[in-house]
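What follows is a set of notes on a single structure, which appears directly below.
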Amino acid sequence: MVRSLILVVLGLALLVMLAFAAFVPSAQGPGHEFVTAWGQPGDGPGEFDDPTGIAVTEDEVFVADARNGRIQVFDHAGRFRHEFGTPGAAPGELGRPMNLSIHAGRLYVADYFNDRVQAFALDGTPLRTFGEAGDGPGRIDAPGGVDVAPDGDVIVVDFYNHRVQRLAPDGTFVRQWGSTGESGSAAGEFGYPTDVAVADDGTLYVADGYNDRVQAFGPDGDFLTKWGGPFARNVHGPFNGWFATVTGIAVGPAGRVFVADFYNDRIQVFSAEGDFLGAFGETGQGPGRFRHPIAVDVAPDGSVFVADFGNERVQKWRPRREE
């Protein structure tokens, strides 16, 4: 009997090891290293009150400073350049700006409390708005993120409506993914989505926030794949490739997908197909540590910029050089 019990225990241990190997991949590649950080609590230049979004160009970093109702602009070393926006609901004013995107010389802002997306010139000049409050086609209930497809269509993450909408450049509704007002964890369903990133080939990557996963859709809109935890069905955890609330997503210059893993205090990196490549960051306040990274973007040179929400700052990382 003792022998049988030992065999059962060994069998269970083997199953656990096989399951762990199947659902917890190993890191690949040299990873990333910390470069610098800037910011502190406050409302002055270079200070933040809940940094919630980030977008970068070749030489500038745009940060959504949520509770201050503004966008701050820095160079890649963290030197303050200028700011625009004030709290409010008029054109050019902001109500808790969230994730950001830059396309064709325009900054697109998910204007969360105002239930709209605003487009600005990079100098801060307001250009136009997309959407208004509601749950009908083209209406929005708290946008969490935004990006622009290669053809100029605007992709909006509609947080409380549990969907992602595609709008034409003139704001006309084109299509949506997900069922309006219905949360779900099957393929193509969402549970409070938070951000979207569009690859150069038109592939859409959606940060399916409270489902603790990423979903990918092809340029034609068809579902491609999903990843995050066992079967990507709303199972959260601290392991490689798993998430504890996904809040931001970006596609790097090599097609790699960078994901802000909010409660795990890290950024995870994946291939375009969803294969785990690596992660960086750990919990804390010191250099290279995060307290709830909420947004991420990647510069053309591969530098990674992160809105470090709980630490009221921005961090810059770069690919680690292989020996």
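Scheme for the structure tokens: letters A, B, ... for chains in order shown; per-chain residue numbers from 1; ligand numbers from 1 in order shown.
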
Next on the checklist: Considering only strand (DSSP E) as DSSP defines it on the backbone, what residues of region 107-319 of chain A qualify? List them as a PyMOL selection string.
Outcome noted: chain A and resi 107-111+116-121+126-130+143-148+154-158+163-167+173-177+195-198+204-208+213-217+223-227+246-251+257-261+266-270+276-280+282-283+289-290+293-298+304-308+313-319

Next on the checklist: So that I can check the surroundings of Ala142 (chain A), please list as a PyMOL selection string every protein, DNA and RNA residue that reaches within 7 Å of it, counting only C-alpha atoms and ignoring chain neighbours fewer than 5 positions away.
Outcome noted: chain A and resi 112-113+115+158-160

Residues just named, written with C-alpha atoms as a PDB file, in the first residue's frame:
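Listing of selection.pdb after writing:
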```pdb
ATOM      1  CA  TYR A 112     -11.980  58.675 -20.178  1.00  0.00           C
ATOM      2  CA  PHE A 113     -14.391  60.814 -18.137  1.00  0.00           C
ATOM      3  CA  ASP A 115     -16.452  59.504 -23.139  1.00  0.00           C
ATOM      4  CA  ASP A 158     -14.763  51.022 -25.002  1.00  0.00           C
ATOM      5  CA  PHE A 159     -14.191  49.984 -21.373  1.00  0.00           C
ATOM      6  CA  TYR A 160     -17.658  49.784 -19.785  1.00  0.00           C
TER       7      TYR A 160
END
```

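Closest approach to Gly229 (chain A) from the set A:Arg96, A:Arg321, A:Arg213, A:His292 is made by A:Arg213, with distances taken over only C-alpha atoms.
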
Next on the checklist: With distances taken over only C-alpha atoms, which residue among A:Gln40, A:Pro253, A:Gly178, A:Pro30 lies nearest Gly310 (chain A)?
Outcome noted: A:Gln40

Select from region 214-315 of chain A every residue with an atom at most 12 Å from any atom of region 99-108 of chain A, then for each give the shortest pair of atoms and their distance in Å to one decimal, using only C-alpha atoms, rows by chain and rising number, as a Markdown table.
```
| residue | atom | partner | partner_atom | distance |
| --- | --- | --- | --- | --- |
| A:Thr247 | CA | A:Asn99 | CA | 8.9 |
| A:Gly248 | CA | A:Asn99 | CA | 7.3 |
| A:Ile249 | CA | A:Asn99 | CA | 9.2 |
| A:Ala250 | CA | A:Ser101 | CA | 9.4 |
| A:Val251 | CA | A:Ser101 | CA | 11.4 |
| A:Ala260 | CA | A:Asn99 | CA | 11.5 |
| A:Ile294 | CA | A:Asn99 | CA | 8.8 |
| A:Ala295 | CA | A:Asn99 | CA | 6.8 |
| A:Val296 | CA | A:Asn99 | CA | 8.9 |
| A:Asp297 | CA | A:Ser101 | CA | 8.9 |
| A:Val298 | CA | A:Ser101 | CA | 11.2 |
| A:Ala299 | CA | A:Ile102 | CA | 11.3 |
| A:Val306 | CA | A:Asn99 | CA | 11.4 |
| A:Ala307 | CA | A:Asn99 | CA | 9.9 |
```

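Ranking A:Ile140, A:Val146, A:Ala244, A:Ala27 by their shortest atom-to-atom distance to Leu204 (chain A), with only C-alpha atoms included, puts A:Val146 first.
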
Next on the checklist: Env of His76 (chain A): 7 Å cut, atoms = only C-alpha atoms, seq-sep filter 4 positions within chain, self excluded. Answer as a ChimeraX atom specification.
Outcome noted: /A:59-61
